[in-house]
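Listing of query-v8.cif; format and content: mmCIF, C-alpha atoms.
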data_input
loop_
_atom_site.label_atom_id
_atom_site.label_comp_id
_atom_site.auth_asym_id
_atom_site.auth_seq_id
_atom_site.Cartn_x
_atom_site.Cartn_y
_atom_site.Cartn_z
CA MET A 142 125.50 112.58 92.88
CA HIS A 143 128.24 110.24 91.63
CA ALA A 144 128.92 109.00 95.16
CA PHE A 145 125.25 108.19 95.66
CA ARG A 146 125.08 106.25 92.40
CA ASN A 147 128.30 104.42 93.28
CA LEU A 148 126.69 103.34 96.54
CA LEU A 149 123.73 101.90 94.63
CA ALA A 150 126.04 100.11 92.22
CA LEU A 151 128.03 98.59 95.10
CA LEU A 152 124.86 97.29 96.76
CA LEU A 153 123.67 95.80 93.48
CA LEU A 154 126.98 94.00 92.99
CA THR A 155 126.65 92.57 96.49
CA LEU A 156 123.16 91.37 95.63
CA CYS A 157 124.36 89.71 92.43
CA ALA A 158 127.15 87.98 94.34
CA ALA A 159 124.72 86.62 96.91
CA LEU A 160 122.14 85.42 94.38
CA PRO A 161 124.12 82.52 92.81
CA LEU A 162 125.06 81.17 96.22
CA SER A 163 121.46 81.31 97.38
CA ALA A 164 120.27 79.67 94.17
CA GLN A 165 122.77 76.88 94.54
CA ASP A 166 121.69 76.15 98.10
CA GLU A 167 117.99 76.20 97.30
CA GLY A 168 118.44 74.15 94.16
CA GLU A 169 119.59 71.25 96.29
CA ASP A 170 116.10 70.86 97.75
CA LEU A 171 113.38 72.68 95.86
CA GLY A 172 110.74 71.15 98.09
CA SER A 173 112.06 72.80 101.23
CA THR A 174 109.67 74.82 103.32
CA GLU A 175 110.42 78.52 103.08
CA GLY A 176 111.38 80.44 106.20
CA ALA A 177 110.62 84.00 107.32
CA LEU A 178 107.24 83.95 105.57
CA PHE A 179 106.28 87.15 107.39
CA LEU A 180 108.32 88.93 104.70
CA LEU A 181 105.45 88.16 102.31
CA LEU A 182 102.78 89.82 104.45
CA PRO A 183 101.54 93.18 103.13
CA VAL A 184 102.83 96.26 104.95
CA GLY A 185 101.03 99.59 104.59
CA ALA A 186 97.47 100.67 103.89
CA LYS A 187 98.17 101.74 100.30
CA ALA A 188 99.74 98.38 99.48
CA VAL A 189 96.84 96.48 101.06
CA SER A 190 94.15 98.50 99.27
CA LEU A 191 95.91 98.08 95.90
CA GLY A 192 96.10 94.31 96.28
CA ARG A 193 99.90 94.47 96.61
CA ALA A 194 100.32 95.74 93.02
CA MET A 195 103.04 98.13 94.20
CA THR A 196 106.08 97.36 92.04
CA PRO A 197 105.45 100.08 89.39
CA LEU A 198 104.13 102.66 91.87
CA ASP A 199 105.86 105.18 94.13
CA GLY A 200 105.49 106.69 97.58
CA PRO A 201 106.86 106.24 101.11
CA GLU A 202 105.49 102.68 101.48
CA SER A 203 107.89 101.67 98.69
CA ALA A 204 110.56 101.11 101.35
CA PHE A 205 108.76 97.82 102.09
CA TRP A 206 107.98 97.05 98.43
CA ASN A 207 109.98 98.35 95.47
CA PRO A 208 112.62 100.78 96.79
CA ALA A 209 112.88 102.36 93.33
CA GLY A 210 109.55 104.05 94.12
CA LEU A 211 111.26 106.12 96.81
CA VAL A 212 112.76 108.33 94.09
CA ALA A 213 109.40 110.12 93.87
CA VAL A 214 109.53 111.03 97.57
CA ARG A 215 110.49 114.70 97.27
CA GLU A 216 110.29 115.65 100.95
CA SER A 217 111.84 114.03 104.03
CA GLN A 218 109.24 112.40 106.24
CA VAL A 219 108.39 109.98 109.02
CA VAL A 220 105.95 107.19 108.21
CA LEU A 221 104.01 105.03 110.69
CA LEU A 222 102.33 101.81 109.53
CA ARG A 223 99.93 99.66 111.55
CA GLY A 224 98.04 96.50 110.66
CA ASP A 225 96.76 93.21 112.02
CA PRO A 226 97.38 90.41 109.53
CA LEU A 227 96.25 86.92 110.51
CA ALA A 228 99.78 86.08 111.67
CA GLY A 229 99.77 88.70 114.44
CA THR A 230 100.07 92.43 115.02
CA SER A 231 102.31 94.44 112.69
CA THR A 232 103.81 97.80 113.68
CA ALA A 233 106.32 99.56 111.44
CA PHE A 234 107.92 102.92 110.74
CA SER A 235 110.17 104.55 108.15
CA VAL A 236 112.36 107.64 108.27
CA LEU A 237 113.07 108.94 104.76
CA TRP A 238 115.60 111.60 103.77
CA ALA A 239 114.91 113.03 100.32
CA HIS A 240 117.25 115.16 98.25
CA PRO A 241 115.65 116.28 94.96
CA GLY A 242 117.95 115.55 92.06
CA LEU A 243 120.07 113.18 94.13
CA GLY A 244 117.85 110.47 95.58
CA THR A 245 116.30 109.13 98.75
CA LEU A 246 117.73 107.28 101.74
CA GLY A 247 115.56 105.46 104.24
CA VAL A 248 115.69 103.49 107.47
CA SER A 249 112.72 101.28 108.32
CA TYR A 250 111.72 98.80 111.00
CA GLN A 251 108.86 96.33 111.36
CA LEU A 252 107.77 94.30 114.37
CA LEU A 253 105.37 91.40 113.90
CA ASP A 254 104.08 90.31 117.29
CA ILE A 255 102.74 86.79 116.85
CA GLY A 256 101.65 86.57 120.49
CA SER A 257 102.43 84.90 123.80
CA GLN A 258 101.62 81.53 125.33
CA ALA A 259 101.33 80.89 129.07
CA ILE A 260 103.42 78.09 130.58
CA THR A 261 101.67 76.25 133.44
CA ASP A 262 102.40 73.32 135.73
CA ILE A 263 100.22 70.23 136.11
CA ASP A 264 98.02 72.11 138.60
CA GLY A 265 97.39 74.99 136.20
CA ASN A 266 99.65 77.46 138.00
CA GLU A 267 101.32 79.89 135.59
CA LEU A 268 105.09 79.55 135.61
CA GLY A 269 106.01 81.86 132.76
CA SER A 270 105.24 82.75 129.17
CA LEU A 271 106.73 82.29 125.72
CA SER A 272 106.45 85.16 123.22
CA VAL A 273 107.18 84.94 119.50
CA ARG A 274 108.16 87.99 117.46
CA ASP A 275 109.63 88.68 114.04
CA HIS A 276 111.85 91.72 113.47
CA LEU A 277 112.80 93.38 110.19
CA GLY A 278 115.27 96.23 109.73
CA VAL A 279 115.66 97.86 106.31
CA VAL A 280 118.15 100.36 104.88
CA SER A 281 116.96 101.75 101.52
CA ALA A 282 118.67 103.77 98.79
CA ALA A 283 117.05 105.02 95.58
CA ALA A 284 118.15 107.29 92.74
CA GLN A 285 117.15 108.47 89.27
CA LEU A 286 119.83 106.98 87.02
CA LEU A 287 118.43 108.23 83.71
CA GLU A 288 115.60 110.58 82.85
CA SER A 289 113.12 107.71 82.77
CA VAL A 290 114.87 105.05 84.89
CA ARG A 291 114.70 104.67 88.66
CA LEU A 292 116.75 102.22 90.69
CA GLY A 293 116.44 101.21 94.32
CA VAL A 294 117.97 98.68 96.70
CA ASN A 295 117.19 97.43 100.19
CA LEU A 296 119.52 95.79 102.69
CA LYS A 297 117.52 93.84 105.27
CA ILE A 298 118.23 92.29 108.63
CA VAL A 299 115.69 89.56 109.44
CA GLN A 300 115.30 88.11 112.93
CA PHE A 301 113.05 85.52 114.57
CA ARG A 302 112.93 85.63 118.35
CA ARG A 303 111.17 83.32 120.80
CA SER A 304 111.61 84.70 124.33
CA CYS A 305 110.84 83.28 127.76
CA ARG A 306 109.66 85.13 130.84
CA GLY A 307 109.66 83.18 134.06
CA ILE A 308 110.20 79.40 134.04
CA CYS A 309 109.98 77.76 130.62
CA PRO A 310 111.05 74.34 129.31
CA ASP A 311 112.65 76.23 126.43
CA ALA A 312 114.95 79.13 127.28
CA GLY A 313 114.21 80.77 123.93
CA THR A 314 115.54 80.88 120.39
CA THR A 315 116.95 83.65 118.22
CA ALA A 316 117.69 83.38 114.50
CA THR A 317 119.10 86.17 112.34
CA THR A 318 119.93 86.48 108.66
CA TYR A 319 120.15 89.17 105.99
CA ALA A 320 118.41 89.71 102.66
CA PHE A 321 118.53 92.06 99.67
CA ASP A 322 115.96 93.67 97.38
CA ALA A 323 116.71 95.25 94.01
CA GLY A 324 114.04 97.18 92.15
CA LEU A 325 113.73 99.00 88.85
CA GLN A 326 111.12 101.37 87.45
CA ILE A 327 110.99 102.57 83.85
CA LEU A 328 108.78 105.52 82.88
CA PRO A 329 108.47 105.57 79.07
CA SER A 330 105.83 108.30 79.32
CA GLU A 331 103.78 110.20 81.87
CA ARG A 332 101.00 107.65 81.41
CA LEU A 333 102.99 104.43 81.61
CA ARG A 334 105.17 102.87 84.30
CA ILE A 335 106.95 99.52 84.25
CA GLY A 336 108.37 97.90 87.37
CA ALA A 337 110.54 94.85 88.05
CA MET A 338 112.02 93.56 91.26
CA LEU A 339 113.90 90.78 93.02
CA ALA A 340 112.78 90.52 96.64
CA HIS A 341 114.04 88.72 99.77
CA VAL A 342 117.22 87.27 98.26
CA GLY A 343 119.65 85.94 100.85
CA PRO A 344 121.10 82.92 102.64
CA ARG A 345 119.02 80.24 104.32
CA TYR A 346 117.17 81.05 107.51
CA GLN A 347 118.61 78.91 110.31
CA VAL A 348 116.36 78.72 113.38
CA LEU A 349 117.48 75.44 114.99
CA ASN A 350 120.52 74.16 113.09
CA ALA A 351 122.06 74.11 109.62
CA ASP A 352 120.28 70.89 108.63
CA GLN A 353 116.91 72.46 109.36
CA ALA A 354 117.65 75.83 107.75
CA ASP A 355 114.97 77.02 105.31
CA PRO A 356 115.44 79.20 102.22
CA LEU A 357 114.10 82.74 102.32
CA PRO A 358 110.92 83.38 100.28
CA ALA A 359 112.78 84.98 97.34
CA ARG A 360 110.39 86.37 94.74
CA ALA A 361 110.52 87.88 91.26
CA ARG A 362 107.96 90.56 90.37
CA LEU A 363 106.99 92.20 87.08
CA ALA A 364 104.32 94.88 86.79
CA VAL A 365 102.90 97.65 84.65
CA ALA A 366 100.74 100.68 85.55
CA TYR A 367 98.80 102.99 83.24
CA ASN A 368 97.03 106.27 83.90
CA LEU A 369 93.67 105.63 82.21
CA ILE A 370 92.20 108.98 83.25
CA SER A 371 94.82 110.77 81.15
CA LEU A 372 93.10 109.36 78.06
CA LEU A 373 89.96 111.29 78.98
CA THR A 374 91.31 114.60 80.31
CA ASP A 375 94.47 116.70 80.48
CA ASP A 376 93.65 117.91 83.99
CA GLU A 377 96.79 117.23 86.06
CA GLU A 378 94.74 117.18 89.26
CA LEU A 379 92.92 114.02 88.17
CA GLY A 380 94.50 110.60 87.91
CA GLY A 381 93.29 107.05 87.51
CA TRP A 382 96.02 104.43 87.64
CA LEU A 383 95.48 100.76 86.87
CA SER A 384 98.35 98.47 87.92
CA VAL A 385 98.77 94.79 87.09
CA GLU A 386 101.49 92.69 88.70
CA VAL A 387 102.62 89.07 88.56
CA GLN A 388 104.84 87.38 91.13
CA ASP A 389 106.55 84.02 91.26
CA ARG A 390 109.13 82.18 93.31
CA LEU A 391 112.57 83.22 92.15
CA LEU A 392 114.35 79.87 92.40
CA ASN A 393 111.48 77.41 92.14
CA PRO A 394 109.05 79.06 89.70
CA GLY A 395 105.64 77.74 88.75
CA SER A 396 103.30 79.31 91.32
CA LEU A 397 102.25 82.60 89.74
CA SER A 398 100.28 85.15 91.75
CA LEU A 399 98.30 88.00 90.17
CA TYR A 400 97.70 91.40 91.79
CA LEU A 401 95.40 94.11 90.45
CA GLY A 402 95.17 97.65 91.81
CA THR A 403 93.30 100.84 90.91
CA GLU A 404 93.79 104.33 92.33
CA LEU A 405 91.64 107.37 91.54
CA THR A 406 93.21 110.69 92.54
CA ALA A 407 91.73 114.18 92.85
CA GLY A 408 94.15 116.97 93.72
CA VAL A 409 97.93 117.40 93.99
CA ALA A 410 99.20 119.28 97.03
CA GLU A 411 95.94 118.45 98.80
CA ALA A 412 94.37 115.29 97.46
CA ILE A 413 91.90 112.46 97.97
CA PHE A 414 92.64 108.89 96.86
CA LEU A 415 90.13 106.11 96.22
CA ARG A 416 91.74 102.68 95.96
CA ALA A 417 90.69 99.11 95.25
CA GLY A 418 92.56 95.91 94.51
CA TYR A 419 92.28 92.20 94.01
CA VAL A 420 94.57 89.29 94.87
CA LEU A 421 94.41 86.05 92.88
CA GLY A 422 96.41 82.86 93.28
CA ASP A 423 98.65 84.02 96.14
CA LEU A 424 99.71 81.08 98.28
CA ASP A 425 100.41 83.38 101.22
CA GLN A 426 97.18 85.44 101.17
CA GLU A 427 93.48 84.86 100.81
CA ASP A 428 92.15 85.61 97.33
CA GLY A 429 89.70 88.48 97.20
CA ALA A 430 89.11 92.20 97.02
CA ARG A 431 90.63 95.06 99.03
CA VAL A 432 89.51 98.70 99.30
CA GLY A 433 90.97 101.87 100.79
CA LEU A 434 91.00 105.65 101.11
CA GLY A 435 93.80 108.18 101.24
CA PHE A 436 94.00 111.85 102.22
CA ARG A 437 96.79 114.41 101.78
CA TYR A 438 96.58 117.73 103.61
CA GLU A 439 99.45 120.18 104.12
CA ARG A 440 102.30 118.10 105.66
CA PHE A 441 100.18 115.08 106.52
CA ASP A 442 99.14 111.93 104.68
CA LEU A 443 96.68 109.33 105.96
CA SER A 444 95.68 106.06 104.31
CA ILE A 445 93.32 103.36 105.52
CA ALA A 446 92.60 99.98 103.94
CA LYS A 447 90.40 96.98 104.48
CA SER A 448 90.67 93.47 103.08
CA LEU A 449 87.31 92.02 102.11
CA ALA A 450 88.69 88.50 101.75
CA VAL A 451 87.37 86.04 104.33
CA SER A 452 89.99 83.83 105.96
CA THR A 453 89.46 80.10 105.60
CA LEU A 454 91.06 79.69 109.04
CA THR A 455 89.07 82.18 111.11
CA GLY A 456 86.04 82.87 108.92
CA GLU A 457 86.68 86.59 109.35
CA THR A 458 88.31 89.47 107.47
CA GLU A 459 91.43 91.28 108.66
CA PRO A 460 91.09 94.49 110.70
CA VAL A 461 91.77 97.87 109.12
CA HIS A 462 95.33 98.81 108.09
CA VAL A 463 96.53 102.40 108.62
CA THR A 464 99.48 104.44 107.31
CA PHE A 465 100.23 107.95 108.58
CA SER A 466 103.11 110.18 107.51
CA ILE A 467 104.42 113.62 108.39
CA ARG A 468 106.66 115.55 106.01
CA PHE A 469 109.34 117.90 107.32
#

Go ahead and render the structure in this file as C-alpha cells.
Amino acid sequence: MHAFRNLLALLLLTLCAALPLSAQDEGEDLGSTEGALFLLLPVGAKAVSLGRAMTPLDGPESAFWNPAGLVAVRESQVVLLRGDPLAGTSTAFSVLWAHPGLGTLGVSYQLLDIGSQAITDIDGNELGSLSVRDHLGVVSAAAQLLESVRLGVNLKIVQFRRSCRGICPDAGTTATTYAFDAGLQILPSERLRIGAMLAHVGPRYQVLNADQADPLPARARLAVAYNLISLLTDDEELGGWLSVEVQDRLLNPGSLSLYLGTELTAGVAEAIFLRAGYVLGDLDQEDGARVGLGFRYERFDLSIAKSLAVSTLTGETEPVHVTFSIRF
C-alpha cells in the first residue's frame, strides 16, 4: 500500500516539475496554435453521452479522463472503445488491474486514423499514398489516499506520424512527446462528488522543428456531481447523477467551456443506464446535446452514445460511439 502511494507521489512531483517549464515556454507566445489537438477529442461512449462531464465520475473510461475515477474499478478488466469523430476514426483499448484496498493500474492505447491521400503523377497514375495517424499511449495509477479522497495520475506518450507508401515527395514525418495528467476526486458524502484535474501538461509538440513547435492543449477542469435521486428514495438500486463541469486553458485562460451530464441508473450488479449531456462553448467541439445507453450484465458492460450536434463543416452528426468491457 505504501509503495503504491509512493509511486503516485513520485509521479505527481514529476508533473509539478514539468509544469513550470511548460508554463514558461507557453508564456512566451500565448497566441501560439496548440498542437496534438486530438487529445481534446472525446474517447468512450459514456464520456460522449455525458457531454464530457467526466471529471467527478468513475469507471473504466476514466483512464482517458480523470484517472482518479479508476479507484472505483473493483475488478480487473479489458475495455474496447470505438468512435468516429470528425477528425477520423478512433480505436482504443485499456487493460486495468484492480486491487481492492490498494488501487488500480492501467495501460491504454488510442489510434486516431485521420486517413490517407493518394499521390499521383501528372497523368493521374497513382504513385503512392500518404497516411496520417495520431498515437496515444497511457499508463495510469490511482489510489484512495483518504476515506473520501481519490488521486490518480497518467503518464502519456503522444505521437504524430505521417507515413508514405510507394513514391512520395515527402518521405514522412514522426513527432513524439510526453504529457501528464493529475486528477483528484473528493467524496464529502454518498450524494456529492467533487473533481479537479490538470490535463495534457507537457513540453511543446515539435513536428517540423523547434521554431515551429506548438504547446500541448493543457487544460484545467473543475466539476461537481450530485445524486438527485437519493433525495427522493433510499433505494440503492436507483441513481440519478447530475454533473456540471467547467474547463479552461491552463496557461492562457479566458475560454471557458461548460459540460453538463445526467445519468439515470437502475440496478447494481446488473444495471441499465440512461444518459444525456450537453456541451456549450467548447472551441474543439460542436455545441449541442448528446444521448446514450448503458447495460451491465454478469461480466460484461456495453455503452453506446450519439452526438446530436450538427457539424458546421459537414452538416452531419457524428456516428455512434461504442464502449465494451469484460471483467475477469

*Counting all atoms listed in the file, which of A:Asp199, A:Glu288, A:Glu404, A:Glu459 gets nearest to A:Leu383?*
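Closest to A:Leu383 of all the choices is A:Glu404.
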
_Could you tell me, as JSON, numbers by chain, exactly which residues end up selected when the PyMOL selection byres ((chain A and resi 240) around 12) is applied to this structure?_
{"A": [142, 145, 211, 212, 213, 214, 215, 216, 217, 218, 237, 238, 239, 241, 242, 243, 244, 245, 246, 247, 282, 283, 284, 285]}

Using all atoms listed in the file, find each residue in stretch 273-337 of chain A having at least one atom no more than 10 Å away from stretch 175-196 of chain A; report its shortest atom-to-atom pair and that distance in Å (one decimal), rows by chain then rising number, as JSON lines.
{"residue": "A:Asp275", "atom": "CA", "partner": "A:Phe179", "partner_atom": "CA", "distance": 7.6}
{"residue": "A:His276", "atom": "CA", "partner": "A:Phe179", "partner_atom": "CA", "distance": 9.4}
{"residue": "A:Leu277", "atom": "CA", "partner": "A:Leu180", "partner_atom": "CA", "distance": 8.4}
{"residue": "A:Val299", "atom": "CA", "partner": "A:Ala177", "partner_atom": "CA", "distance": 7.8}
{"residue": "A:Gln300", "atom": "CA", "partner": "A:Ala177", "partner_atom": "CA", "distance": 8.4}
{"residue": "A:Phe301", "atom": "CA", "partner": "A:Ala177", "partner_atom": "CA", "distance": 7.8}
{"residue": "A:Thr318", "atom": "CA", "partner": "A:Ala177", "partner_atom": "CA", "distance": 9.7}
{"residue": "A:Gly324", "atom": "CA", "partner": "A:Thr196", "partner_atom": "CA", "distance": 8.0}
{"residue": "A:Leu325", "atom": "CA", "partner": "A:Thr196", "partner_atom": "CA", "distance": 8.4}
{"residue": "A:Gln326", "atom": "CA", "partner": "A:Thr196", "partner_atom": "CA", "distance": 7.9}
{"residue": "A:Arg334", "atom": "CA", "partner": "A:Thr196", "partner_atom": "CA", "distance": 9.5}
{"residue": "A:Ile335", "atom": "CA", "partner": "A:Thr196", "partner_atom": "CA", "distance": 8.1}
{"residue": "A:Gly336", "atom": "CA", "partner": "A:Thr196", "partner_atom": "CA", "distance": 5.2}
{"residue": "A:Ala337", "atom": "CA", "partner": "A:Thr196", "partner_atom": "CA", "distance": 6.5}

*For A:Ser281, work out the shell of residues within 7 Å, counting only C-alpha atoms and skipping chain neighbours fewer than 2 positions away, then give it as a list in words.*
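Close residues of A:Ser281: Ala204, Pro208, Leu246, Gly247, Val248, Val279, Ala283, Val294, Asn295 and Leu296 of chain A.
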
*Pick from A:Leu328, A:Leu443, A:Leu415, A:Ile308: nearest to A:Asn266, with all atoms listed in the file counted?*
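When distances to A:Asn266 are compared using all atoms listed in the file, the smallest one comes from A:Ile308.
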
_One number please: atom CA of A:Tyr400 to atom CA of A:Leu227, in Å, one decimal._
19.3 Å

Evaluate the PyMOL selection byres ((chain A and resi 333) around 10) and record the selected residues as a compact mmCIF listing (two decimals) with C-alpha atoms, in the coordinates of the input, following the chain and residue labels used in the document.
# COMPACT_ATOMS: atom_id res chain seq x y z
CA PRO A 197 105.45 100.08 89.39
CA ILE A 327 110.99 102.57 83.85
CA LEU A 328 108.78 105.52 82.88
CA PRO A 329 108.47 105.57 79.07
CA SER A 330 105.83 108.30 79.32
CA GLU A 331 103.78 110.20 81.87
CA ARG A 332 101.00 107.65 81.41
CA ARG A 334 105.17 102.87 84.30
CA ILE A 335 106.95 99.52 84.25
CA VAL A 365 102.90 97.65 84.65
CA ALA A 366 100.74 100.68 85.55
CA TYR A 367 98.80 102.99 83.24
CA ASN A 368 97.03 106.27 83.90
CA LEU A 369 93.67 105.63 82.21
CA TRP A 382 96.02 104.43 87.64
CA LEU A 383 95.48 100.76 86.87
CA SER A 384 98.35 98.47 87.92

*Tell me which of A:Ala340, A:Ser203, A:Leu379, A:Arg274 sits closest to A:Thr315, counting all atoms listed in the file.*
A:Arg274

Centre and size of axis-aligned box enclosing stretch 393-404 of chain A plus 6 Å each side, as AutoDock Vina command-line options:
--center_x 102.4 --center_y 90.9 --center_z 90.5 --size_x 30.2 --size_y 38.9 --size_z 15.6

*Identify which of the residues A:Phe436, A:Gln388, A:Ala450, A:Val409 lies closest to A:Thr464, counting all atoms listed in the file when measuring atom-to-atom distances.*
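Once distances to A:Thr464 are computed over all atoms listed in the file, the minimum belongs to A:Phe436.
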
*Just so the selection is clear, what residues does the PyMOL selection byres ((chain A and resi 356) around 7) cover here, as a list in words?*
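On this input, the PyMOL selection byres ((chain A and resi 356) around 7) captures Glu167, Glu175, Gly176, Pro344, Arg345, Tyr346, Ala354, Asp355, Leu357 and Pro358 of chain A.
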
*Given the choices A:Val461, A:Ala364, A:Ala417, A:Ile260, which gets closest to A:Thr230 if the distance is worked out from only C-alpha atoms?*
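Closest residue, counting only C-alpha atoms: A:Val461.
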
*asked:* Show me, as a list in words, the residues that have an atom within 12 Å of A:Glu267 when counting all atoms listed in the file, minus same-chain residues fewer than 2 positions from it.
replied: Gln258, Ala259, Ile260, Thr261, Asp262, Ile263, Asp264, Gly265, Gly269, Ser270, Leu271, Arg306, Gly307, Ile308 and Cys309 of chain A

*Among the residues A:Val420, A:Leu392, A:Leu372, A:Ile413, the one that comes closest to A:Ser444 [using all atoms listed in the file]*: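 Nearest to A:Ser444: A:Ile413.
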
*Between atom CA of A:Ser304 and atom CA of A:Pro460, what is the distance, to one decimal in Å?*
26.5 Å

_Two-atom distance - atom CA of A:Ser235, atom CA of A:Phe465 (Å)_ =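 Going from atom CA of A:Ser235 over to atom CA of A:Phe465, I get 10.5 Å.
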
*7 Å contact set for A:Val432, only C-alpha atoms, chain neighbours under 2 positions out, as a list in words*: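 Contacts, in chain order: Ser190, Arg416, Ala417, Gly418, Ala430, Ala446, Lys447 and Ser448 of chain A.
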
Next, the residues of the selection above should be written as a short mmCIF file (atom, residue, chain, number, x, y, z; two decimals), in the coordinates of the input with C-alpha atoms.
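File produced: again-v3.cif:
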data_model
loop_
_atom_site.label_atom_id
_atom_site.label_comp_id
_atom_site.auth_asym_id
_atom_site.auth_seq_id
_atom_site.Cartn_x
_atom_site.Cartn_y
_atom_site.Cartn_z
CA SER A 190 94.15 98.50 99.27
CA ARG A 416 91.74 102.68 95.96
CA ALA A 417 90.69 99.11 95.25
CA GLY A 418 92.56 95.91 94.51
CA ALA A 430 89.11 92.20 97.02
CA ALA A 446 92.60 99.98 103.94
CA LYS A 447 90.40 96.98 104.48
CA SER A 448 90.67 93.47 103.08
#

Would you mind putting back all heavy atoms on stretch 362-369 of chain A, then writing it out as a tab-separated table (two decimals), keeping the file's coordinate frame?
chain	number	residue	atom	x	y	z
A	362	ARG	N	109.19	89.83	90.64
A	362	ARG	CA	107.96	90.56	90.37
A	362	ARG	C	108.11	91.37	89.08
A	362	ARG	O	109.16	91.95	88.82
A	362	ARG	CB	107.63	91.53	91.52
A	362	ARG	CG	107.45	90.84	92.87
A	362	ARG	CD	107.35	91.86	93.98
A	362	ARG	NE	107.23	91.23	95.29
A	362	ARG	CZ	107.47	91.86	96.44
A	362	ARG	NH1	107.84	93.14	96.44
A	362	ARG	NH2	107.34	91.22	97.59
A	363	LEU	N	107.04	91.41	88.31
A	363	LEU	CA	106.99	92.20	87.08
A	363	LEU	C	105.62	92.85	87.01
A	363	LEU	O	104.60	92.19	87.22
A	363	LEU	CB	107.23	91.33	85.86
A	363	LEU	CG	107.23	92.04	84.50
A	363	LEU	CD1	108.38	93.05	84.43
A	363	LEU	CD2	107.35	91.02	83.37
A	364	ALA	N	105.59	94.16	86.72
A	364	ALA	CA	104.32	94.88	86.79
A	364	ALA	C	104.31	96.04	85.81
A	364	ALA	O	105.35	96.54	85.37
A	364	ALA	CB	104.08	95.39	88.21
A	365	VAL	N	103.09	96.49	85.51
A	365	VAL	CA	102.90	97.65	84.65
A	365	VAL	C	101.73	98.45	85.21
A	365	VAL	O	100.78	97.89	85.76
A	365	VAL	CB	102.62	97.22	83.19
A	365	VAL	CG1	101.37	96.38	83.09
A	365	VAL	CG2	102.53	98.44	82.28
A	366	ALA	N	101.82	99.79	85.10
A	366	ALA	CA	100.74	100.68	85.55
A	366	ALA	C	100.48	101.70	84.45
A	366	ALA	O	101.41	102.18	83.80
A	366	ALA	CB	101.12	101.37	86.85
A	367	TYR	N	99.19	102.04	84.29
A	367	TYR	CA	98.80	102.99	83.24
A	367	TYR	C	97.77	103.95	83.78
A	367	TYR	O	96.83	103.54	84.48
A	367	TYR	CB	98.24	102.24	82.03
A	367	TYR	CG	98.16	103.10	80.79
A	367	TYR	CD1	99.26	103.24	79.96
A	367	TYR	CD2	96.99	103.77	80.46
A	367	TYR	CE1	99.19	104.03	78.82
A	367	TYR	CE2	96.91	104.56	79.33
A	367	TYR	CZ	98.02	104.69	78.50
A	367	TYR	OH	97.96	105.48	77.39
A	368	ASN	N	97.95	105.22	83.45
A	368	ASN	CA	97.03	106.27	83.90
A	368	ASN	C	95.89	106.38	82.89
A	368	ASN	O	95.97	107.09	81.89
A	368	ASN	CB	97.76	107.60	84.04
A	368	ASN	CG	96.88	108.68	84.65
A	368	ASN	OD1	95.70	108.46	84.94
A	368	ASN	ND2	97.45	109.84	84.87
A	369	LEU	N	94.79	105.66	83.15
A	369	LEU	CA	93.67	105.63	82.21
A	369	LEU	C	92.95	106.97	82.13
A	369	LEU	O	92.43	107.34	81.08
A	369	LEU	CB	92.69	104.52	82.63
A	369	LEU	CG	93.23	103.09	82.58
A	369	LEU	CD1	92.18	102.13	83.12
A	369	LEU	CD2	93.62	102.71	81.16
